[in-house]
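Next comes data.cif, a file with mmCIF, C-alpha atoms and all ligand atoms.
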data_coords
loop_
_atom_site.label_atom_id
_atom_site.label_comp_id
_atom_site.auth_asym_id
_atom_site.auth_seq_id
_atom_site.Cartn_x
_atom_site.Cartn_y
_atom_site.Cartn_z
CA MET A 1286 -71.83 36.16 27.39
CA THR A 1287 -71.66 36.64 31.14
CA VAL A 1288 -73.42 36.36 34.47
CA GLU A 1289 -73.44 39.80 36.09
CA ILE A 1290 -74.42 40.14 39.72
CA ARG A 1291 -74.69 43.82 40.55
CA GLY A 1292 -75.16 45.26 44.02
CA VAL A 1293 -77.37 42.38 45.15
CA HIS A 1294 -78.95 42.51 48.61
CA LYS A 1295 -81.23 39.91 50.11
CA SER A 1296 -82.83 39.71 53.56
CA PHE A 1297 -85.15 37.19 55.12
CA ARG A 1298 -87.75 38.10 57.71
CA ARG A 1299 -89.00 35.63 60.24
CA ARG A 1300 -92.09 36.47 62.23
CA GLY A 1301 -91.20 38.10 65.54
CA SER A 1302 -87.49 38.58 64.77
CA ALA A 1303 -85.39 41.21 63.02
CA ALA A 1304 -84.65 40.86 59.32
CA GLN A 1305 -81.59 38.76 58.57
CA HIS A 1306 -79.44 40.51 56.00
CA VAL A 1307 -77.95 37.55 54.14
CA LEU A 1308 -76.50 39.09 50.97
CA ARG A 1309 -74.92 42.46 51.55
CA GLY A 1310 -74.09 44.13 48.25
CA VAL A 1311 -72.74 41.28 46.14
CA ASP A 1312 -70.95 42.25 42.92
CA LEU A 1313 -69.51 39.59 40.66
CA THR A 1314 -69.11 38.91 36.97
CA VAL A 1315 -68.69 35.37 35.71
CA GLU A 1316 -67.16 35.35 32.26
CA GLU A 1317 -67.92 33.05 29.35
CA GLY A 1318 -66.06 29.77 29.74
CA GLU A 1319 -65.51 30.27 33.46
CA PHE A 1320 -66.09 27.85 36.32
CA VAL A 1321 -66.61 29.71 39.59
CA SER A 1322 -66.97 28.03 42.97
CA PHE A 1323 -68.56 29.55 46.08
CA ILE A 1324 -67.26 28.55 49.46
CA GLY A 1325 -67.97 29.76 53.00
CA HIS A 1326 -69.46 28.75 56.30
CA SER A 1327 -73.00 27.52 56.64
CA GLY A 1328 -75.53 30.31 56.41
CA CYS A 1329 -73.34 32.84 54.57
CA GLY A 1330 -75.76 32.95 51.65
CA LYS A 1331 -74.23 30.70 48.99
CA SER A 1332 -77.49 28.92 48.14
CA THR A 1333 -79.40 32.17 48.39
CA LEU A 1334 -77.14 33.72 45.76
CA LEU A 1335 -77.38 30.71 43.47
CA ASN A 1336 -81.18 30.70 43.79
CA LEU A 1337 -81.27 34.36 42.79
CA VAL A 1338 -79.20 33.62 39.67
CA GLY A 1339 -81.52 30.69 38.96
CA GLY A 1340 -84.51 33.01 39.26
CA LEU A 1341 -86.10 31.00 42.09
CA ASP A 1342 -86.16 34.14 44.23
CA ARG A 1343 -85.74 37.88 43.66
CA PRO A 1344 -83.15 40.24 45.18
CA ASP A 1345 -84.35 43.06 47.46
CA ALA A 1346 -81.97 45.41 45.68
CA GLY A 1347 -79.55 45.16 42.79
CA GLU A 1348 -79.89 43.04 39.69
CA ILE A 1349 -78.68 39.92 37.99
CA VAL A 1350 -78.13 39.91 34.26
CA VAL A 1351 -77.38 36.67 32.44
CA ASP A 1352 -76.32 36.76 28.79
CA GLY A 1353 -77.64 40.30 28.56
CA GLN A 1354 -81.09 39.53 30.02
CA ALA A 1355 -82.22 40.61 33.48
CA VAL A 1356 -83.22 37.55 35.51
CA THR A 1357 -86.89 37.70 36.50
CA GLY A 1358 -87.58 33.98 36.97
CA PRO A 1359 -86.29 30.51 36.10
CA GLY A 1360 -85.39 29.73 32.50
CA PRO A 1361 -83.92 26.87 30.47
CA GLU A 1362 -80.75 28.82 29.79
CA ARG A 1363 -79.92 28.44 33.53
CA ALA A 1364 -80.21 24.84 34.75
CA MET A 1365 -79.78 23.92 38.41
CA VAL A 1366 -78.57 20.78 40.16
CA PHE A 1367 -79.14 20.37 43.90
CA GLN A 1368 -77.60 18.06 46.47
CA ASN A 1369 -80.72 15.93 46.94
CA TYR A 1370 -81.14 14.89 43.27
CA SER A 1371 -84.68 16.35 43.14
CA LEU A 1372 -85.78 13.69 40.68
CA LEU A 1373 -89.44 12.70 40.55
CA PRO A 1374 -89.61 9.31 42.33
CA ARG A 1375 -92.46 7.83 40.26
CA LEU A 1376 -90.81 8.48 36.92
CA SER A 1377 -88.01 6.49 35.33
CA LEU A 1378 -84.65 8.20 34.86
CA LEU A 1379 -85.50 8.55 31.18
CA ALA A 1380 -88.89 10.12 31.92
CA ASN A 1381 -87.35 12.45 34.49
CA VAL A 1382 -84.93 13.86 31.93
CA ARG A 1383 -87.44 13.80 29.06
CA GLU A 1384 -90.18 15.58 31.02
CA ALA A 1385 -87.74 18.26 32.16
CA VAL A 1386 -86.59 18.86 28.59
CA ARG A 1387 -90.14 18.99 27.20
CA ALA A 1388 -91.21 21.42 29.92
CA ALA A 1389 -88.16 23.66 29.56
CA ARG A 1390 -87.93 23.55 25.75
CA PRO A 1391 -91.46 23.40 24.34
CA ASP A 1392 -90.09 24.91 21.12
CA TRP A 1393 -87.81 21.93 20.43
CA SER A 1394 -89.01 19.20 18.08
CA ARG A 1395 -89.68 15.79 19.62
CA THR A 1396 -86.61 14.46 17.76
CA LYS A 1397 -84.31 17.18 19.05
CA ALA A 1398 -85.58 16.73 22.61
CA ASP A 1399 -85.22 12.94 22.46
CA ASP A 1400 -81.72 13.29 20.99
CA MET A 1401 -80.63 15.52 23.86
CA VAL A 1402 -82.11 13.14 26.43
CA GLU A 1403 -80.31 10.15 24.94
CA ARG A 1404 -77.06 12.06 24.45
CA TYR A 1405 -76.74 13.11 28.08
CA LEU A 1406 -78.06 9.94 29.68
CA THR A 1407 -75.47 8.13 27.56
CA ALA A 1408 -72.74 10.63 28.45
CA VAL A 1409 -73.23 9.95 32.16
CA GLY A 1410 -73.38 6.18 31.56
CA LEU A 1411 -77.05 5.71 32.39
CA TRP A 1412 -78.66 4.89 29.07
CA GLU A 1413 -78.86 1.19 29.88
CA HIS A 1414 -80.48 2.04 33.24
CA ARG A 1415 -82.92 4.52 31.77
CA ASP A 1416 -86.05 2.57 32.69
CA LYS A 1417 -85.22 2.39 36.40
CA ARG A 1418 -86.79 4.75 38.87
CA PRO A 1419 -84.65 6.93 41.19
CA GLY A 1420 -85.36 4.62 44.14
CA GLN A 1421 -83.99 1.65 42.18
CA VAL A 1422 -80.52 3.11 41.58
CA SER A 1423 -77.64 4.26 43.80
CA GLY A 1424 -77.28 7.83 45.02
CA GLY A 1425 -74.42 8.37 42.59
CA MET A 1426 -76.52 7.17 39.65
CA ALA A 1427 -79.44 9.34 40.70
CA GLN A 1428 -77.15 12.33 40.85
CA ARG A 1429 -75.74 11.50 37.41
CA ALA A 1430 -79.33 11.54 36.15
CA ALA A 1431 -79.80 14.96 37.75
CA VAL A 1432 -76.64 16.18 36.00
CA ALA A 1433 -77.84 14.69 32.68
CA ARG A 1434 -81.20 16.42 33.15
CA ALA A 1435 -79.49 19.76 33.67
CA PHE A 1436 -77.28 19.44 30.57
CA ALA A 1437 -80.09 18.05 28.42
CA VAL A 1438 -82.05 21.30 28.48
CA GLY A 1439 -79.04 22.94 26.79
CA PRO A 1440 -78.30 25.64 29.38
CA ARG A 1441 -75.68 28.30 28.73
CA THR A 1442 -75.23 28.56 32.50
CA LEU A 1443 -75.15 25.69 34.97
CA LEU A 1444 -75.89 26.32 38.66
CA LEU A 1445 -74.74 23.57 41.01
CA ASP A 1446 -75.59 23.62 44.71
CA GLU A 1447 -73.34 21.10 46.46
CA PRO A 1448 -74.26 18.55 43.80
CA PHE A 1449 -71.88 15.87 45.05
CA GLY A 1450 -72.05 16.59 48.77
CA ALA A 1451 -74.05 13.47 49.64
CA LEU A 1452 -71.86 11.03 47.71
CA ASP A 1453 -68.94 8.86 48.80
CA ALA A 1454 -65.45 10.06 47.82
CA LEU A 1455 -64.96 7.69 44.89
CA THR A 1456 -68.35 8.41 43.32
CA ARG A 1457 -67.81 12.10 43.90
CA SER A 1458 -64.48 12.09 42.09
CA ARG A 1459 -65.98 10.21 39.12
CA LEU A 1460 -68.80 12.72 38.87
CA GLN A 1461 -66.42 15.66 39.11
CA GLN A 1462 -64.51 14.20 36.17
CA GLN A 1463 -67.71 13.66 34.17
CA LEU A 1464 -68.87 17.16 34.91
CA VAL A 1465 -65.66 18.68 33.60
CA GLU A 1466 -65.82 16.52 30.48
CA LEU A 1467 -69.44 17.48 29.78
CA TRP A 1468 -68.74 21.14 30.38
CA GLY A 1469 -65.50 21.23 28.39
CA ASN A 1470 -66.24 19.07 25.38
CA GLU A 1471 -69.78 17.93 25.07
CA SER A 1472 -72.14 20.77 25.71
CA GLU A 1473 -73.15 24.33 24.97
CA THR A 1474 -72.72 25.20 28.63
CA GLU A 1475 -70.36 28.14 28.96
CA LYS A 1476 -70.38 29.07 32.61
CA VAL A 1477 -70.66 27.04 35.78
CA LEU A 1478 -71.41 28.44 39.25
CA MET A 1479 -70.96 25.82 41.95
CA VAL A 1480 -71.53 25.95 45.69
CA THR A 1481 -69.29 23.55 47.57
CA HIS A 1482 -67.96 22.86 51.04
CA GLY A 1483 -64.94 21.05 49.63
CA LEU A 1484 -61.72 23.05 49.33
CA ASP A 1485 -60.17 20.31 47.18
CA GLU A 1486 -63.26 20.15 44.98
CA ALA A 1487 -63.17 23.92 44.49
CA ILE A 1488 -59.46 23.91 43.56
CA LEU A 1489 -59.89 20.94 41.22
CA LEU A 1490 -62.82 22.44 39.35
CA ALA A 1491 -62.82 26.21 39.56
CA ASP A 1492 -61.05 29.01 37.72
CA ARG A 1493 -61.90 31.34 40.60
CA ILE A 1494 -63.15 30.66 44.12
CA VAL A 1495 -65.48 33.19 45.73
CA VAL A 1496 -65.02 33.08 49.50
CA MET A 1497 -68.18 34.25 51.25
CA SER A 1498 -68.64 35.45 54.84
CA ASN A 1499 -71.34 35.73 57.42
CA SER A 1500 -72.65 39.07 58.62
CA PRO A 1501 -71.44 41.67 59.55
CA GLN A 1502 -68.53 41.22 57.11
CA PRO A 1503 -69.03 41.81 53.39
CA SER A 1504 -70.77 38.81 51.79
CA VAL A 1505 -67.96 38.34 49.30
CA ARG A 1506 -64.84 38.34 51.41
CA THR A 1507 -62.40 37.74 48.59
CA ILE A 1508 -62.02 35.99 45.25
CA ILE A 1509 -59.11 33.62 44.78
CA PRO A 1510 -57.94 32.67 41.29
CA VAL A 1511 -56.77 29.08 40.79
CA PRO A 1512 -53.63 29.40 38.64
CA ILE A 1513 -53.50 25.73 37.61
CA PRO A 1514 -53.86 24.96 33.89
CA ARG A 1515 -56.48 22.60 32.48
CA PRO A 1516 -56.94 19.77 31.98
CA ARG A 1517 -56.50 19.07 35.68
CA ASP A 1518 -56.02 15.60 36.98
CA ARG A 1519 -57.02 14.85 40.55
CA ALA A 1520 -54.13 12.41 40.92
CA THR A 1521 -51.46 14.97 40.05
CA ILE A 1522 -53.01 18.34 40.81
CA THR A 1523 -51.70 18.31 44.37
CA ASN A 1524 -48.15 18.30 42.94
CA HIS A 1525 -48.70 21.60 41.17
CA PRO A 1526 -46.66 24.36 42.83
CA ALA A 1527 -49.78 26.55 43.29
CA TYR A 1528 -51.92 23.87 44.93
CA ALA A 1529 -50.73 23.93 48.53
CA GLY A 1530 -50.64 27.73 48.63
CA THR A 1531 -54.19 28.03 47.31
CA GLN A 1532 -55.46 25.44 49.75
CA GLU A 1533 -53.74 27.17 52.67
CA GLN A 1534 -55.07 30.56 51.63
CA LEU A 1535 -58.62 29.20 51.55
CA ALA A 1536 -58.30 27.38 54.87
CA ASP A 1537 -56.86 30.50 56.53
CA LEU A 1538 -59.73 32.64 55.25
CA LEU A 1539 -62.34 30.18 56.47
CA LEU A 1540 -60.66 29.84 59.87
CA ALA A 1541 -60.42 33.62 60.24
CA ASP A 1542 -64.08 33.90 59.35
CA GLN A 1543 -65.02 31.32 61.93
CA ALA A 1544 -62.99 33.15 64.56
CA ALA A 1545 -64.67 36.45 63.65
CA ALA A 1546 -68.10 34.86 63.97
CA ALA A 1547 -67.34 33.24 67.34
N1 LIG A 1601 -86.57 31.19 52.42
C1 LIG A 1601 -85.93 31.56 53.54
N2 LIG A 1601 -86.60 32.08 54.60
C2 LIG A 1601 -85.95 32.46 55.72
N3 LIG A 1601 -84.63 32.37 55.87
C3 LIG A 1601 -83.91 31.85 54.86
C4 LIG A 1601 -84.51 31.42 53.64
N4 LIG A 1601 -83.54 30.96 52.82
C5 LIG A 1601 -82.39 31.09 53.48
N5 LIG A 1601 -82.59 31.63 54.70
C6 LIG A 1601 -81.57 31.93 55.71
O1 LIG A 1601 -80.55 32.66 55.07
C7 LIG A 1601 -79.26 32.25 55.54
C8 LIG A 1601 -78.42 31.84 54.35
O2 LIG A 1601 -78.91 30.61 53.85
P1 LIG A 1601 -78.21 29.85 52.64
O3 LIG A 1601 -78.93 28.57 52.46
O4 LIG A 1601 -78.10 30.76 51.48
O5 LIG A 1601 -76.75 29.60 53.24
P2 LIG A 1601 -75.59 28.69 52.70
O6 LIG A 1601 -74.34 29.52 52.72
O7 LIG A 1601 -75.95 28.08 51.39
O8 LIG A 1601 -75.53 27.58 53.83
P3 LIG A 1601 -75.18 26.02 53.77
O9 LIG A 1601 -73.72 25.94 53.49
O10 LIG A 1601 -75.53 25.55 55.14
O11 LIG A 1601 -76.03 25.40 52.71
C9 LIG A 1601 -79.50 31.14 56.55
O12 LIG A 1601 -79.43 31.69 57.85
C10 LIG A 1601 -80.90 30.67 56.23
O13 LIG A 1601 -81.55 30.20 57.39
#

Give the structure from this file in structure tokens form.
Ligand SMILES: Nc1ncnc2c1ncn2[C@@H]1O[C@H](COP(=O)(O)OP(=O)(O)OP(=O)(O)O)[C@@H](O)[C@H]1O
Amino acid sequence: MTVEIRGVHKSFRRRGSAAQHVLRGVDLTVEEGEFVSFIGHSGCGKSTLLNLVGGLDRPDAGEIVVDGQAVTGPGPERAMVFQNYSLLPRLSLLANVREAVRAARPDWSRTKADDMVERYLTAVGLWEHRDKRPGQVSGGMAQRAAVARAFAVGPRTLLLDEPFGALDALTRSRLQQQLVELWGNESETEKVLMVTHGLDEAILLADRIVVMSNSPQPSVRTIIPVPIPRPRDRATITNHPAYAGTQEQLADLLLADQAAAA
């Protein structure tokens, strides 16, 4: 099963100013089992594209088909994780995950739902902290709860919008590792689409990196494959012969884009 983005255009209109054409004919297929990262300067439309795949907004033209179904709104088969945790502050971590699962999967039995909640809170190491509220735990723990919540609804596609951007480097690297383990071994999730500003994060995690550009260039400037086998280890990945070249290629593209925009 795949995510197919076909000829997608999206503009935003602000009162009194011309329409801003953010996505300009985006075509992309994400295959089953693939991890794709999106990188590009601020405002190039990364979040906009992810929101369209998530069904939070609709394209002006083109279509998005996920696992053979045209996207017309949000659905439990496409879970999202945002940078700012987006947990409900009055609920415990357990209740945050449980309520999300019950809302997204009303057809699941109570036992199945509770099993999924426990499985993923345990997988991210939060089961013993389950009764704490988001304000009572660290940012890294809150984000682990957000990741657990996304996996617990059993999505085939995971949409991540800079999920680790607000975390310190050590916490970020732990969460990256956990994410890969959950995706690879633990879950039904087949495809991951992740917006990031981190070149190293993109190379560590992705099979392909979609480099996006600001107007007037095409929204998808190029797609760079990461030819480094899995499992990847952050401590040794930089020694791989393809690492430096990939990193340089990405940096050059982003610099060229910045120069073009200036
Ligand atoms: N709902 C909206 N209404 C008006 N303009 C919007 C809306 N959503 C996004 N935009 C504009 O569209 C452009 C693309 O925004 P988007 O958030 O997709 O960029 P991005 O590449 O994810 O940026 P960043 O890296 O800063 O998060 C921006 O100029 C933004 O101001």

message: Residues near range 1461-1475 of chain A, anyone? I mean within 7 Å using all atoms listed in the file, not counting same-chain ones fewer than 6 positions away, as a PyMOL selection string.
response: chain A and resi 1317-1319+1409+1439-1443

message: Can you work out which residues are within 7 Å of ligand LIG 1601 (chain A), considering all atoms listed in the file, and then hand them over as a ChimeraX atom specification?
response: /A:1297-1299,1307,1325-1334,1482

message: Please determine, counting only C-alpha atoms, which residue among A:Arg1519, A:Val1293, A:Ile1509, A:Gly1347 has the shortest atom-to-atom distance to Leu1455 in chain A.
response: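 Selected residue with least distance to Leu1455 in chain A: A:Arg1519.
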
query: Between A:Leu1539, A:Leu1406, A:Leu1335, A:Ala1529, which is the closest to Leu1445 in chain A once you count all atoms listed in the file?
result: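 With all atoms listed in the file as the atom set, the closest residue is A:Leu1335.
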
task: Within 9 Å of Gly1420 in chain A, counting only C-alpha atoms, which residues show up once you throw out same-chain ones fewer than 3 positions away? Write them as a list in words, please.
output: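 Non-adjacent residues within range: Pro1374, Arg1375, Lys1417, Ser1423, Gly1424 and Ala1427 of chain A.
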
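Coordinates place CA of Val1366 in chain A at a distance of 26.4 Å from CA of Pro1512 in chain A.
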
- prompt: What does the distance from CA of Pro1361 in chain A to CA of Val1311 in chain A come to in Å, to one decimal?
  reply: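 Between CA of Pro1361 in chain A and CA of Val1311 in chain A the gap is 24.0 Å.
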